[in-house]
Amino acid sequence: MAYAAWDHPEPLALGSAPLPEYGSGSLADLLPTLAAGMAVPGMTASITELTPADRNCVFLVDGLGWEQLRAHPDEAPFLASLLGSSRGGTGRPITAGYPATTATSLASVGTGLPPGAHGLPGYTVRNPATGELMNQLRWQPWTDPAAWQPYPTVFQRAADAGVHSAQVSSPTFERTPLTKVALSGGTFHGRLTGEERMDFAAEQLAAADRSLVYTYYAELDGAGHRYGVDSDTWRGQLMHVDRLVQRLAEQLPPRSALYVTADHGMLDVPFDEQHRIDFDEDWELRAGVALLGGEGRARHVYAVPGAASDVLTCWREVLGEQFWVASRDEAIAAGWFGPSDRFDQRVYERIGDVVAAAHDDVLIIASEREPKESAMVGNHGSMTPVEQLVPLLEVRS
């Protein structure tokens, strides 16, 4: 039926958003659980399904969502054989955290804190000190990493407790600010190829009686963004990841546990006006907006002074059937960025006056401001299962 000009469909209820499992089954809970099992002081084993091990390795595959993995058993036979091992043998996934994006998730992994505490709550967010948008993945414009994220990483706390801690990743990441704030502590070892990383990660696990090792692979995510998770290129990358995991699993030293997880899932969004809403061409969405942050499926909207209420009303009316649209205070109180009692007030103004999380297979692109991001096939960021659910596959020796 047609709606009258003054009539609007009911917006999505904020309570219907499927919250990440902060405190019991999110990425932020993984390293503290492993470290607690190695008697690192101050760490809590929040993922209760996991059994302690003396040597722990986390292999994070960027973009390896739970639903994508389950849908491709032929391309990843070894990983598929481990699906029942996920989350301590329960066969269940864990959740990434909101937003489900790389910078946020890596900070959650490394610090053991939810986004509202570590302070990287999106792909791009406003820096309250400058009023500019800051890209937290590329760290542009530059700001002092220690001031932006002041908490020690779990790797640092483990190293201080006598646990051999190491990161094995691409040499490109050794000195990046994101690595400093999220993954520093112990020693960093740059290795170019995935095979070299698997071999050296196994060596680092065996280097001490208690070891905590992290390794990372990015190319699956890149293939998804460029070509989509329904592409042959993405499937080829998944086949390669499957071989890498098996290579590492076959080299585990005694008393080891290998955990394969991811920072987010991904979905392909069609290239048409119904699925890609262009902020740069929509005068209603632009009205009263000073800065557009976040990414297509997880937007931070910063209003001009005095316009926040009007912007919230407009975004709810225009997008409320397709996005969960909340004010900053509503999103924090609802626990989108973690439990409200763990929220750090230094993060408050980094979050948008309005926060919009996609429910449907849609994006808010910005074709002029964000031409590269707007052209991506595969996308992620919101709280839907395809983005939020990630594996926690386990191999023990």
# chains A, B, ... in the order shown; residues from 1 in each chain; ligands from 1

$ select_by_dssp --residues "region 171-237 of chain A" --states "alpha helix (DSSP H)" --output "PyMOL selection string"
chain A and resi 177-183+194-205+219-227+232-237

$ residues_around --residues "Ala357 (chain A)" --least-positions-apart "5" --cutoff "6 Å" --atoms "only C-alpha atoms" --output "list in words"
Arg297, Ala298, Phe323, Trp324 and Ser382 of chain A

$ write_last_selection --atoms "C-alpha atoms" --output "CSV table (one decimal), in the first residue's frame"
chain,number,residue,atom,x,y,z
A,297,ARG,CA,27.5,-0.9,6.8
A,298,ALA,CA,28.5,0.7,10.0
A,323,PHE,CA,19.4,0.0,9.4
A,324,TRP,CA,19.4,0.1,13.1
A,382,SER,CA,27.4,-4.4,11.0

$ closest_residue --among "A:Leu27, A:Cys57, A:Ala326, A:Ala202" --to "Ala96 (chain A)" --atoms "only C-alpha atoms"
A:Leu27

$ closest_atom_pairs --of "region 246-341 of chain A" --to "region 117-138 of chain A" --cutoff "8 Å" --atoms "only C-alpha atoms" --output "tab-separated table"
residue	atom	partner	partner_atom	distance
A:Leu291	CA	A:Leu133	CA	7.4
A:Gly293	CA	A:Thr124	CA	5.1
A:Gly294	CA	A:Thr124	CA	4.7
A:Glu295	CA	A:Tyr123	CA	6.3
A:Ala298	CA	A:Gly122	CA	7.8
A:His300	CA	A:Val125	CA	6.9
A:Tyr302	CA	A:Arg126	CA	7.9
A:Phe337	CA	A:Pro121	CA	7.2
A:Gly338	CA	A:Ala117	CA	7.8

$ write_last_selection --atoms "N, CA and C atoms" --output "short mmCIF file (atom, residue, chain, number, x, y, z; two decimals), in the first residue's frame"
data_model
loop_
_atom_site.label_atom_id
_atom_site.label_comp_id
_atom_site.auth_asym_id
_atom_site.auth_seq_id
_atom_site.Cartn_x
_atom_site.Cartn_y
_atom_site.Cartn_z
N LEU A 291 30.35 15.54 9.26
CA LEU A 291 31.30 14.50 8.86
C LEU A 291 30.57 13.17 8.77
N GLY A 293 31.50 9.26 8.96
CA GLY A 293 32.57 8.33 9.30
C GLY A 293 32.12 6.89 9.18
N GLY A 294 32.96 6.00 9.72
CA GLY A 294 32.68 4.59 9.65
C GLY A 294 32.86 4.04 8.25
N GLU A 295 31.99 3.12 7.87
CA GLU A 295 32.02 2.52 6.53
C GLU A 295 30.60 2.18 6.13
N ALA A 298 28.36 0.36 8.62
CA ALA A 298 28.50 0.75 10.04
C ALA A 298 28.93 2.21 10.09
N HIS A 300 29.25 6.14 11.35
CA HIS A 300 29.26 7.18 12.37
C HIS A 300 28.90 8.49 11.68
N TYR A 302 28.38 12.51 12.20
CA TYR A 302 28.70 13.62 13.10
C TYR A 302 27.94 14.86 12.63
N PHE A 337 29.01 -1.17 21.70
CA PHE A 337 30.47 -1.07 21.75
C PHE A 337 31.06 -1.79 22.97
N GLY A 338 30.24 -2.60 23.62
CA GLY A 338 30.66 -3.32 24.81
C GLY A 338 29.79 -2.94 25.99
#

$ atom_distance --atom1 "CA of Val318 (chain A)" --atom2 "CA of Pro18 (chain A)"
21.7 Å

$ residues_around --residues "Pro52 (chain A)" --least-positions-apart "2" --cutoff "9 Å" --atoms "only C-alpha atoms" --output "JSON list (two decimals) with N, CA and C atoms, in the first residue's frame"
[["chain", "number", "residue", "atom", "x", "y", "z"],
["A", 33, "THR", "N", 41.42, -15.25, 27.91],
["A", 33, "THR", "CA", 41.12, -16.64, 28.28],
["A", 33, "THR", "C", 42.36, -17.50, 28.16],
["A", 34, "LEU", "N", 43.10, -17.35, 27.04],
["A", 34, "LEU", "CA", 44.31, -18.15, 26.86],
["A", 34, "LEU", "C", 45.38, -17.76, 27.88],
["A", 35, "ALA", "N", 45.52, -16.46, 28.12],
["A", 35, "ALA", "CA", 46.53, -16.00, 29.08],
["A", 35, "ALA", "C", 46.20, -16.44, 30.50],
["A", 36, "ALA", "N", 44.93, -16.44, 30.85],
["A", 36, "ALA", "CA", 44.52, -16.91, 32.18],
["A", 36, "ALA", "C", 44.92, -18.36, 32.36],
["A", 37, "GLY", "N", 44.80, -19.15, 31.29],
["A", 37, "GLY", "CA", 45.19, -20.56, 31.36],
["A", 37, "GLY", "C", 46.68, -20.76, 31.51],
["A", 38, "MET", "N", 47.46, -19.69, 31.23],
["A", 38, "MET", "CA", 48.91, -19.74, 31.43],
["A", 38, "MET", "C", 49.33, -18.95, 32.67],
["A", 50, "LEU", "N", 36.88, -23.19, 26.59],
["A", 50, "LEU", "CA", 38.25, -23.49, 26.21],
["A", 50, "LEU", "C", 39.03, -24.12, 27.36],
["A", 54, "ASP", "N", 49.66, -24.98, 27.57],
["A", 54, "ASP", "CA", 50.90, -24.29, 27.89],
["A", 54, "ASP", "C", 51.37, -23.41, 26.73],
["A", 55, "ARG", "N", 51.07, -23.85, 25.51],
["A", 55, "ARG", "CA", 51.49, -23.12, 24.32],
["A", 55, "ARG", "C", 50.25, -22.83, 23.47],
["A", 56, "ASN", "N", 50.02, -21.56, 23.20],
["A", 56, "ASN", "CA", 48.82, -21.16, 22.46],
["A", 56, "ASN", "C", 49.21, -20.34, 21.24],
["A", 257, "ALA", "N", 47.97, -25.57, 21.64],
["A", 257, "ALA", "CA", 46.62, -25.38, 21.09],
["A", 257, "ALA", "C", 46.70, -24.31, 20.02]]

$ closest_residue --among "A:Tyr98, A:Val289, A:Val269, A:Asp230" --to "Ala17 (chain A)" --atoms "only C-alpha atoms"
A:Tyr98

$ residues_around --residues "region 77-90 of chain A" --least-positions-apart "2" --cutoff "6 Å" --atoms "only C-alpha atoms" --output "number ranges by chain"
A: 49-50, 73-74, 92, 242, 392-394

$ select_by_dssp --residues "region 213-382 of chain A" --states "strand (DSSP E or B)" --output "ChimeraX atom specification"
/A:213-217,256-261,267-268,276-278,289-295,298-303,323-327,354-358,363-365,378-379

$ residues_around --residues "region 168-172 of chain A" --least-positions-apart "2" --cutoff "12 Å" --atoms "only C-alpha atoms" --output "PyMOL selection string"
chain A and resi 57-61+138+165-166+174-179+183-184+186-205+212-219

$ residues_around --residues "Thr101 (chain A)" --least-positions-apart "2" --cutoff "8 Å" --atoms "only C-alpha atoms" --output "PDB file with N, CA and C atoms, in the first residue's frame"
ATOM      1  N   TYR A  98      31.311  -4.923  17.698  1.00  0.00           N
ATOM      2  CA  TYR A  98      30.815  -3.890  16.794  1.00  0.00           C
ATOM      3  C   TYR A  98      31.714  -2.668  16.800  1.00  0.00           C
ATOM      4  N   PRO A  99      32.012  -2.122  15.611  1.00  0.00           N
ATOM      5  CA  PRO A  99      31.687  -2.670  14.308  1.00  0.00           C
ATOM      6  C   PRO A  99      32.605  -3.830  13.935  1.00  0.00           C
ATOM      7  N   ALA A 103      40.310  -2.857  12.004  1.00  0.00           N
ATOM      8  CA  ALA A 103      41.003  -2.082  13.034  1.00  0.00           C
ATOM      9  C   ALA A 103      40.379  -2.308  14.405  1.00  0.00           C
ATOM     10  N   THR A 104      39.061  -2.289  14.457  1.00  0.00           N
ATOM     11  CA  THR A 104      38.358  -2.500  15.721  1.00  0.00           C
ATOM     12  C   THR A 104      38.616  -3.901  16.261  1.00  0.00           C
ATOM     13  N   SER A 105      38.505  -4.900  15.390  1.00  0.00           N
ATOM     14  CA  SER A 105      38.649  -6.284  15.833  1.00  0.00           C
ATOM     15  C   SER A 105      40.072  -6.606  16.268  1.00  0.00           C
ATOM     16  N   GLY A 122      35.687   2.080  15.010  1.00  0.00           N
ATOM     17  CA  GLY A 122      35.233   2.154  13.641  1.00  0.00           C
ATOM     18  C   GLY A 122      36.372   2.265  12.657  1.00  0.00           C
ATOM     19  N   TYR A 123      36.039   2.147  11.387  1.00  0.00           N
ATOM     20  CA  TYR A 123      37.032   2.281  10.315  1.00  0.00           C
ATOM     21  C   TYR A 123      37.571   3.707  10.269  1.00  0.00           C
ATOM     22  N   ASP A 263      38.516 -11.693  11.979  1.00  0.00           N
ATOM     23  CA  ASP A 263      38.113 -10.393  12.513  1.00  0.00           C
ATOM     24  C   ASP A 263      36.697 -10.005  12.120  1.00  0.00           C
ATOM     25  N   HIS A 264      36.141 -10.655  11.109  1.00  0.00           N
ATOM     26  CA  HIS A 264      34.782 -10.364  10.644  1.00  0.00           C
ATOM     27  C   HIS A 264      34.448 -11.317   9.511  1.00  0.00           C
ATOM     28  N   HIS A 380      31.494  -5.328   5.004  1.00  0.00           N
ATOM     29  CA  HIS A 380      31.251  -5.824   6.361  1.00  0.00           C
ATOM     30  C   HIS A 380      31.156  -4.641   7.301  1.00  0.00           C
ATOM     31  N   GLY A 381      30.889  -4.915   8.578  1.00  0.00           N
ATOM     32  CA  GLY A 381      30.871  -3.860   9.584  1.00  0.00           C
ATOM     33  C   GLY A 381      29.741  -3.962  10.575  1.00  0.00           C
TER      34      GLY A 381
END

$ closest_residue --among "A:Ala159, A:Pro339, A:Gly378, A:Arg316" --to "Ser231 (chain A)" --atoms "only C-alpha atoms"
A:Gly378

$ closest_residue --among "A:Ala28, A:Leu69, A:Leu248, A:Val362" --to "Gly97 (chain A)" --atoms "only C-alpha atoms"
A:Ala28

$ decode --residues "region 218-352 of chain A" --atoms "C-alpha atoms" --output "tab-separated table (two decimals), in the first residue's frame"
chain	number	residue	atom	x	y	z
A	218	ALA	CA	45.23	-10.68	4.99
A	219	GLU	CA	44.77	-11.74	1.37
A	220	LEU	CA	41.42	-13.51	1.77
A	221	ASP	CA	39.88	-10.23	2.90
A	222	GLY	CA	41.44	-8.35	0.01
A	223	ALA	CA	40.01	-10.82	-2.51
A	224	GLY	CA	36.56	-10.46	-0.94
A	225	HIS	CA	36.61	-6.68	-1.10
A	226	ARG	CA	37.80	-6.55	-4.70
A	227	TYR	CA	35.97	-9.49	-6.25
A	228	GLY	CA	33.39	-10.64	-3.71
A	229	VAL	CA	32.99	-13.77	-1.61
A	230	ASP	CA	31.20	-15.40	-4.55
A	231	SER	CA	34.27	-15.08	-6.81
A	232	ASP	CA	36.76	-17.66	-8.02
A	233	THR	CA	39.55	-15.44	-6.70
A	234	TRP	CA	38.10	-15.55	-3.18
A	235	ARG	CA	37.62	-19.31	-3.39
A	236	GLY	CA	41.23	-19.71	-4.51
A	237	GLN	CA	42.39	-17.72	-1.50
A	238	LEU	CA	40.28	-19.88	0.79
A	239	MET	CA	41.93	-22.99	-0.65
A	240	HIS	CA	45.31	-21.45	0.11
A	241	VAL	CA	44.27	-20.59	3.69
A	242	ASP	CA	43.14	-24.20	4.15
A	243	ARG	CA	46.59	-25.46	3.20
A	244	LEU	CA	48.30	-22.94	5.48
A	245	VAL	CA	46.26	-23.99	8.50
A	246	GLN	CA	46.99	-27.65	7.86
A	247	ARG	CA	50.70	-26.86	7.45
A	248	LEU	CA	50.78	-25.16	10.86
A	249	ALA	CA	48.64	-27.81	12.54
A	250	GLU	CA	51.02	-30.55	11.44
A	251	GLN	CA	53.97	-28.77	13.08
A	252	LEU	CA	52.54	-28.04	16.51
A	253	PRO	CA	54.95	-28.85	19.33
A	254	PRO	CA	53.69	-30.83	22.35
A	255	ARG	CA	51.18	-29.23	24.76
A	256	SER	CA	50.00	-26.75	22.13
A	257	ALA	CA	46.62	-25.38	21.09
A	258	LEU	CA	46.08	-23.68	17.73
A	259	TYR	CA	43.05	-21.43	17.36
A	260	VAL	CA	41.95	-20.27	13.91
A	261	THR	CA	39.68	-17.25	13.97
A	262	ALA	CA	38.85	-14.07	12.04
A	263	ASP	CA	38.11	-10.39	12.51
A	264	HIS	CA	34.78	-10.36	10.64
A	265	GLY	CA	32.74	-12.05	7.94
A	266	MET	CA	31.69	-10.47	4.67
A	267	LEU	CA	28.82	-10.23	2.20
A	268	ASP	CA	28.53	-9.10	-1.41
A	269	VAL	CA	26.26	-6.10	-2.00
A	270	PRO	CA	24.71	-5.59	-5.47
A	271	PHE	CA	25.61	-2.50	-7.49
A	272	ASP	CA	22.27	-0.76	-7.78
A	273	GLU	CA	20.51	2.19	-6.17
A	274	GLN	CA	18.34	-0.02	-3.97
A	275	HIS	CA	21.34	-1.65	-2.31
A	276	ARG	CA	23.85	1.22	-2.44
A	277	ILE	CA	22.48	4.48	-1.04
A	278	ASP	CA	24.79	7.31	-2.05
A	279	PHE	CA	25.21	9.84	0.76
A	280	ASP	CA	26.90	12.27	-1.61
A	281	GLU	CA	23.78	12.39	-3.78
A	282	ASP	CA	21.10	12.31	-1.06
A	283	TRP	CA	20.24	15.76	0.26
A	284	GLU	CA	18.09	14.37	3.07
A	285	LEU	CA	20.90	12.29	4.55
A	286	ARG	CA	23.42	15.13	4.13
A	287	ALA	CA	21.28	17.74	5.89
A	288	GLY	CA	22.91	18.82	9.14
A	289	VAL	CA	25.84	16.42	8.77
A	290	ALA	CA	29.37	17.77	9.30
A	291	LEU	CA	31.30	14.50	8.86
A	292	LEU	CA	30.44	11.00	7.65
A	293	GLY	CA	32.57	8.33	9.30
A	294	GLY	CA	32.68	4.59	9.65
A	295	GLU	CA	32.02	2.52	6.53
A	296	GLY	CA	29.10	1.50	4.35
A	297	ARG	CA	27.47	-0.93	6.77
A	298	ALA	CA	28.50	0.75	10.04
A	299	ARG	CA	28.26	4.51	9.86
A	300	HIS	CA	29.26	7.18	12.37
A	301	VAL	CA	27.38	10.39	11.56
A	302	TYR	CA	28.70	13.62	13.10
A	303	ALA	CA	26.18	16.46	13.11
A	304	VAL	CA	26.82	20.18	12.92
A	305	PRO	CA	26.34	21.78	16.36
A	306	GLY	CA	22.70	21.74	17.41
A	307	ALA	CA	21.53	19.43	14.62
A	308	ALA	CA	22.05	15.98	16.19
A	309	SER	CA	18.38	15.46	17.04
A	310	ASP	CA	17.23	16.45	13.55
A	311	VAL	CA	19.83	14.22	11.90
A	312	LEU	CA	18.74	11.27	14.04
A	313	THR	CA	15.10	11.83	13.13
A	314	CYS	CA	15.88	12.11	9.43
A	315	TRP	CA	18.14	9.05	9.28
A	316	ARG	CA	15.53	6.99	11.14
A	317	GLU	CA	12.79	8.08	8.76
A	318	VAL	CA	14.84	7.48	5.61
A	319	LEU	CA	16.74	4.35	6.64
A	320	GLY	CA	14.98	2.93	9.69
A	321	GLU	CA	13.61	-0.15	7.95
A	322	GLN	CA	17.04	-1.16	6.63
A	323	PHE	CA	19.38	0.04	9.37
A	324	TRP	CA	19.37	0.06	13.15
A	325	VAL	CA	19.72	3.82	13.72
A	326	ALA	CA	20.68	5.01	17.20
A	327	SER	CA	21.89	8.13	18.91
A	328	ARG	CA	25.35	7.96	20.43
A	329	ASP	CA	23.93	7.55	23.93
A	330	GLU	CA	21.45	4.89	22.79
A	331	ALA	CA	24.15	2.84	21.07
A	332	ILE	CA	26.41	3.01	24.13
A	333	ALA	CA	23.59	2.16	26.54
A	334	ALA	CA	22.47	-0.73	24.33
A	335	GLY	CA	25.95	-2.24	24.54
A	336	TRP	CA	26.87	-2.00	20.88
A	337	PHE	CA	30.47	-1.07	21.75
A	338	GLY	CA	30.66	-3.32	24.81
A	339	PRO	CA	29.13	-3.31	28.29
A	340	SER	CA	28.24	0.25	29.26
A	341	ASP	CA	30.03	-0.14	32.61
A	342	ARG	CA	33.29	-0.76	30.72
A	343	PHE	CA	32.91	2.23	28.43
A	344	ASP	CA	35.81	4.69	28.60
A	345	GLN	CA	34.67	8.31	28.44
A	346	ARG	CA	37.70	9.30	26.34
A	347	VAL	CA	36.00	7.35	23.51
A	348	TYR	CA	32.64	9.15	23.81
A	349	GLU	CA	33.09	11.84	21.18
A	350	ARG	CA	34.82	9.48	18.75
A	351	ILE	CA	31.44	7.81	18.26
A	352	GLY	CA	28.99	9.48	15.91
